[in-house]
Amino acid sequence: MARLIARANEDRAQLGIALMLAANFGFALVDSSVKWLVLAGLPAWQLAFMRYFGHVLISTTIILKGGFEMDRFRTDHAGLVILRALFLVVGTVMNFFVLRYLSLTVTSAIMFSAPIIVCALAGPTLGERAGPVRWAAILLGFAGVLVIIRPFGAEFHWAYIVPLLVAVCMACYSLLTRHLSGKVATDTMQFYSGAVGSVILLPAALLTWQTPQTVLDWMLMLMLGVWAFIGHEWLTRAHGFAPANLLMPYTYSFMVYLTIISVLVFGDLPDFWTIIGAMIIVVSGLIIWMRERQKEARG
């Protein structure tokens with residue numbers, strides 16, 4: 001019996017890992033499609049709107065499967081849910097804008113400082129104190145960001161700062177997600193994310209709208225919301241099958257996917273310092289992850 005239980009738990013964990021890898025591939029498809037489309041001349045406002053409009057259509061359909069009831073859209077934490085959605089929307093728009101200037105590898109590497117920022121902010125916001133090892137890892141992670149950005153080098157471009165701001169938005173989004181977990185249904189948070197983004201971005205999308213010129217561009221634009229929703233859905237389900245401390249290292253698959261796509265589709269080869277900086281950020285994140293596992297083992 002014990003063997004059967006252990007086997008079942010192992011199977012669930014493997015399914016969680018598979019879903020995490022699939023979710024990150026969905027997110028990679030979003031960023032890759034956006035880079036293709038902005039280079040084709042489509043405005044970031046329009047693409048961000050389509051990402052959230054598709055998202056809200058799917059979310060609304062799922063919520064209404066059991067019939068129309070306003071209670072399905074209500075929450076006692078509406079303010080925080082909307083604030084969470086705003087952080088996601090602002091981060092998305094900035095990311096879509098900067099993809100015109102930077103490679104997918106660079107943006108993804110810098111944005112992976114988000115877990116490091118979460119660790120730094122978890123103390124004052126969630127009461128999770130960071131010890132000397134974690135603070136050393138946090139500082140190491142930001143050193144990795146500086147290696148990629150090279151703020152005092154001749155090749156520095158203002159666009160390098162934007163992914164760091166995106167990482168801050170994603171960190172705040174993550175902290176609010178952790179705070180609201182168990183208090184607000186996942187479907188409700190998914191709906192608000194899509195609805196807030198659609199409402200805020202609609203005016204800018206209408207003012208800047210450019211009609212795609214090819215069938216491929218139309219397909220990529222229409223699929224943005226679908227891939228984003230599927231990515232978030234699989235991410236949520238992954239955490240239902242496996243604990244976060246097991247899944248965390250597999251989040252770096254996002255960077256791997258984007259690096260491969262960046263090379264194969266856009267011909268952007270990461271330079272030496274981008275690779276070194278990305279490795280430093282990954283090491284920093286893994287140190288934080290290992291400390292978290294040790295903490296849970298002791299607890």
# chains A, B, ... in the order shown; residues from 1 in each chain; ligands from 1
$ select_by_dssp --residues "segment 107-255 of chain A" --states "alpha helix (DSSP H)" --output "NGL selection string"
:A and (107-111 or 114-126 or 132-149 or 161-180 or 186-208 or 215-241 or 244-247 or 253-255)
$ residues_around --residues "Val147 of chain A" --least-positions-apart "6" --cutoff "10 Å" --atoms "only C-alpha atoms" --output "number ranges by chain"
A: 141, 273-278, 280-281
$ write_last_selection --atoms "all heavy atoms" --output "JSON list (two decimals), in the first residue's frame"
[["chain", "number", "residue", "atom", "x", "y", "z"],
["A", 141, "GLY", "N", 21.96, 37.99, -7.36],
["A", 141, "GLY", "CA", 21.04, 38.09, -8.48],
["A", 141, "GLY", "C", 21.06, 39.45, -9.15],
["A", 141, "GLY", "O", 21.07, 39.56, -10.38],
["A", 273, "TRP", "N", 28.41, 38.21, -22.19],
["A", 273, "TRP", "CA", 28.01, 38.79, -20.91],
["A", 273, "TRP", "C", 26.55, 38.50, -20.58],
["A", 273, "TRP", "O", 26.18, 38.37, -19.41],
["A", 273, "TRP", "CB", 28.29, 40.28, -20.91],
["A", 273, "TRP", "CG", 29.75, 40.59, -20.91],
["A", 273, "TRP", "CD1", 30.48, 41.14, -21.90],
["A", 273, "TRP", "CD2", 30.67, 40.28, -19.85],
["A", 273, "TRP", "NE1", 31.81, 41.21, -21.55],
["A", 273, "TRP", "CE2", 31.95, 40.70, -20.29],
["A", 273, "TRP", "CE3", 30.54, 39.71, -18.59],
["A", 273, "TRP", "CZ2", 33.09, 40.55, -19.50],
["A", 273, "TRP", "CZ3", 31.67, 39.57, -17.79],
["A", 273, "TRP", "CH2", 32.92, 39.98, -18.25],
["A", 274, "THR", "N", 25.70, 38.38, -21.61],
["A", 274, "THR", "CA", 24.31, 38.01, -21.36],
["A", 274, "THR", "C", 24.22, 36.59, -20.80],
["A", 274, "THR", "O", 23.46, 36.32, -19.86],
["A", 274, "THR", "CB", 23.49, 38.09, -22.66],
["A", 274, "THR", "OG1", 23.50, 39.45, -23.13],
["A", 274, "THR", "CG2", 22.05, 37.64, -22.43],
["A", 275, "ILE", "N", 25.02, 35.69, -21.36],
["A", 275, "ILE", "CA", 25.04, 34.31, -20.87],
["A", 275, "ILE", "C", 25.55, 34.25, -19.43],
["A", 275, "ILE", "O", 24.96, 33.58, -18.57],
["A", 275, "ILE", "CB", 25.91, 33.43, -21.79],
["A", 275, "ILE", "CG1", 25.29, 33.32, -23.18],
["A", 275, "ILE", "CG2", 26.09, 32.03, -21.18],
["A", 275, "ILE", "CD1", 26.16, 32.63, -24.20],
["A", 276, "ILE", "N", 26.64, 34.98, -19.15],
["A", 276, "ILE", "CA", 27.20, 34.99, -17.78],
["A", 276, "ILE", "C", 26.20, 35.59, -16.80],
["A", 276, "ILE", "O", 25.97, 35.04, -15.70],
["A", 276, "ILE", "CB", 28.52, 35.79, -17.75],
["A", 276, "ILE", "CG1", 29.60, 35.10, -18.58],
["A", 276, "ILE", "CG2", 28.99, 35.97, -16.31],
["A", 276, "ILE", "CD1", 29.95, 33.71, -18.09],
["A", 277, "GLY", "N", 25.59, 36.71, -17.16],
["A", 277, "GLY", "CA", 24.59, 37.34, -16.28],
["A", 277, "GLY", "C", 23.40, 36.44, -16.02],
["A", 277, "GLY", "O", 22.92, 36.34, -14.88],
["A", 278, "ALA", "N", 22.93, 35.77, -17.08],
["A", 278, "ALA", "CA", 21.79, 34.85, -16.92],
["A", 278, "ALA", "C", 22.15, 33.71, -15.98],
["A", 278, "ALA", "O", 21.34, 33.30, -15.13],
["A", 278, "ALA", "CB", 21.37, 34.32, -18.28],
["A", 280, "ILE", "N", 24.34, 33.76, -13.56],
["A", 280, "ILE", "CA", 24.40, 34.29, -12.19],
["A", 280, "ILE", "C", 23.00, 34.41, -11.60],
["A", 280, "ILE", "O", 22.76, 34.06, -10.43],
["A", 280, "ILE", "CB", 25.12, 35.66, -12.18],
["A", 280, "ILE", "CG1", 26.59, 35.50, -12.55],
["A", 280, "ILE", "CG2", 24.99, 36.33, -10.80],
["A", 280, "ILE", "CD1", 27.34, 36.80, -12.72],
["A", 281, "ILE", "N", 22.05, 34.91, -12.40],
["A", 281, "ILE", "CA", 20.67, 35.05, -11.93],
["A", 281, "ILE", "C", 20.07, 33.69, -11.60],
["A", 281, "ILE", "O", 19.39, 33.52, -10.58],
["A", 281, "ILE", "CB", 19.83, 35.79, -12.99],
["A", 281, "ILE", "CG1", 20.28, 37.24, -13.12],
["A", 281, "ILE", "CG2", 18.33, 35.75, -12.62],
["A", 281, "ILE", "CD1", 19.66, 37.99, -14.28]]
$ closest_residue --among "A:Tyr192, A:Tyr250, A:Trp218, A:Trp289" --to "Gly79 of chain A" --atoms "only C-alpha atoms"
A:Tyr192
$ closest_residue --among "A:Ala23, A:Leu222, A:Leu269, A:Ile116" --to "Leu139 of chain A" --atoms "only C-alpha atoms"
A:Ile116
$ closest_atom_pairs --of "segment 156-258 of chain A" --to "segment 24-45 of chain A" --cutoff "7 Å" --atoms "only C-alpha atoms" --output "JSON lines"
{"residue": "A:Leu201", "atom": "CA", "partner": "A:Trp45", "partner_atom": "CA", "distance": 6.7}
{"residue": "A:Ala204", "atom": "CA", "partner": "A:Trp45", "partner_atom": "CA", "distance": 6.0}
{"residue": "A:Ala205", "atom": "CA", "partner": "A:Trp45", "partner_atom": "CA", "distance": 5.2}
{"residue": "A:Thr208", "atom": "CA", "partner": "A:Pro43", "partner_atom": "CA", "distance": 6.6}
{"residue": "A:Gln210", "atom": "CA", "partner": "A:Leu42", "partner_atom": "CA", "distance": 5.9}
{"residue": "A:Asp217", "atom": "CA", "partner": "A:Leu37", "partner_atom": "CA", "distance": 6.6}
{"residue": "A:Leu220", "atom": "CA", "partner": "A:Ser33", "partner_atom": "CA", "distance": 5.9}
{"residue": "A:Leu224", "atom": "CA", "partner": "A:Val30", "partner_atom": "CA", "distance": 5.6}
{"residue": "A:Trp227", "atom": "CA", "partner": "A:Gly26", "partner_atom": "CA", "distance": 5.2}
{"residue": "A:Ala228", "atom": "CA", "partner": "A:Phe27", "partner_atom": "CA", "distance": 6.0}
{"residue": "A:Ile230", "atom": "CA", "partner": "A:Gly26", "partner_atom": "CA", "distance": 6.8}
{"residue": "A:Gly231", "atom": "CA", "partner": "A:Gly26", "partner_atom": "CA", "distance": 4.9}
{"residue": "A:Thr251", "atom": "CA", "partner": "A:Asn24", "partner_atom": "CA", "distance": 6.9}
{"residue": "A:Ser253", "atom": "CA", "partner": "A:Asn24", "partner_atom": "CA", "distance": 6.6}
{"residue": "A:Phe254", "atom": "CA", "partner": "A:Asn24", "partner_atom": "CA", "distance": 5.0}
{"residue": "A:Tyr257", "atom": "CA", "partner": "A:Ala28", "partner_atom": "CA", "distance": 6.4}
{"residue": "A:Leu258", "atom": "CA", "partner": "A:Ala28", "partner_atom": "CA", "distance": 5.9}
$ write_last_selection --atoms "N, CA, C and O atoms" --output "mmCIF file, in the first residue's frame"
data_model
loop_
_atom_site.group_PDB
_atom_site.id
_atom_site.type_symbol
_atom_site.label_atom_id
_atom_site.label_comp_id
_atom_site.auth_asym_id
_atom_site.auth_seq_id
_atom_site.Cartn_x
_atom_site.Cartn_y
_atom_site.Cartn_z
ATOM 1 N N LEU A 201 -6.851 48.852 -21.814
ATOM 2 C CA LEU A 201 -6.089 48.926 -23.056
ATOM 3 C C LEU A 201 -6.937 49.199 -24.295
ATOM 4 O O LEU A 201 -6.386 49.543 -25.347
ATOM 5 N N ALA A 204 -6.424 52.796 -26.115
ATOM 6 C CA ALA A 204 -5.117 52.901 -26.772
ATOM 7 C C ALA A 204 -5.038 51.971 -27.980
ATOM 8 O O ALA A 204 -4.446 52.324 -29.007
ATOM 9 N N ALA A 205 -5.659 50.795 -27.861
ATOM 10 C CA ALA A 205 -5.653 49.851 -28.984
ATOM 11 C C ALA A 205 -6.414 50.413 -30.175
ATOM 12 O O ALA A 205 -5.968 50.308 -31.327
ATOM 13 N N THR A 208 -4.399 53.264 -31.940
ATOM 14 C CA THR A 208 -3.151 52.887 -32.611
ATOM 15 C C THR A 208 -3.315 51.693 -33.544
ATOM 16 O O THR A 208 -2.343 51.211 -34.118
ATOM 17 N N GLN A 210 -3.468 48.815 -36.118
ATOM 18 C CA GLN A 210 -2.935 48.551 -37.452
ATOM 19 C C GLN A 210 -3.410 47.165 -37.886
ATOM 20 O O GLN A 210 -3.265 46.200 -37.132
ATOM 21 N N ASP A 217 0.294 36.727 -39.469
ATOM 22 C CA ASP A 217 0.202 37.794 -38.464
ATOM 23 C C ASP A 217 -1.161 37.782 -37.783
ATOM 24 O O ASP A 217 -1.263 37.981 -36.566
ATOM 25 N N LEU A 220 -1.209 34.774 -35.344
ATOM 26 C CA LEU A 220 -0.401 35.016 -34.150
ATOM 27 C C LEU A 220 -1.089 35.996 -33.206
ATOM 28 O O LEU A 220 -1.097 35.807 -31.985
ATOM 29 N N LEU A 224 -2.766 35.170 -29.127
ATOM 30 C CA LEU A 224 -2.064 35.690 -27.950
ATOM 31 C C LEU A 224 -2.826 35.408 -26.659
ATOM 32 O O LEU A 224 -2.256 34.937 -25.671
ATOM 33 N N TRP A 227 -2.901 31.501 -25.833
ATOM 34 C CA TRP A 227 -1.657 30.972 -25.256
ATOM 35 C C TRP A 227 -1.440 31.493 -23.843
ATOM 36 O O TRP A 227 -0.981 30.750 -22.969
ATOM 37 N N ALA A 228 -1.772 32.762 -23.611
ATOM 38 C CA ALA A 228 -1.588 33.332 -22.273
ATOM 39 C C ALA A 228 -2.511 32.649 -21.270
ATOM 40 O O ALA A 228 -2.089 32.296 -20.160
ATOM 41 N N ILE A 230 -3.936 29.631 -21.501
ATOM 42 C CA ILE A 230 -3.522 28.243 -21.312
ATOM 43 C C ILE A 230 -2.289 28.174 -20.415
ATOM 44 O O ILE A 230 -2.185 27.301 -19.538
ATOM 45 N N GLY A 231 -1.342 29.098 -20.621
ATOM 46 C CA GLY A 231 -0.156 29.117 -19.783
ATOM 47 C C GLY A 231 -0.495 29.311 -18.318
ATOM 48 O O GLY A 231 -0.003 28.581 -17.452
ATOM 49 N N THR A 251 10.935 26.513 -13.773
ATOM 50 C CA THR A 251 10.496 27.787 -14.341
ATOM 51 C C THR A 251 11.549 28.349 -15.306
ATOM 52 O O THR A 251 11.223 29.124 -16.197
ATOM 53 N N SER A 253 12.843 26.918 -17.639
ATOM 54 C CA SER A 253 12.600 26.412 -18.998
ATOM 55 C C SER A 253 12.122 27.552 -19.902
ATOM 56 O O SER A 253 12.362 27.526 -21.116
ATOM 57 N N PHE A 254 11.456 28.557 -19.315
ATOM 58 C CA PHE A 254 10.993 29.716 -20.084
ATOM 59 C C PHE A 254 12.170 30.409 -20.779
ATOM 60 O O PHE A 254 12.107 30.750 -21.969
ATOM 61 N N TYR A 257 13.456 28.113 -23.630
ATOM 62 C CA TYR A 257 12.589 28.185 -24.806
ATOM 63 C C TYR A 257 12.856 29.462 -25.608
ATOM 64 O O TYR A 257 12.997 29.432 -26.832
ATOM 65 N N LEU A 258 12.890 30.598 -24.899
ATOM 66 C CA LEU A 258 13.049 31.874 -25.595
ATOM 67 C C LEU A 258 14.431 32.005 -26.234
ATOM 68 O O LEU A 258 14.566 32.611 -27.303
#
$ closest_residue --among "A:Leu104, A:Ile261, A:Met223, A:Leu286" --to "Leu247 of chain A" --atoms "only C-alpha atoms"
A:Leu286
$ closest_residue --among "A:Met189, A:Ile149, A:Trp158, A:Ile117" --to "Arg134 of chain A" --atoms "only C-alpha atoms"
A:Ile117
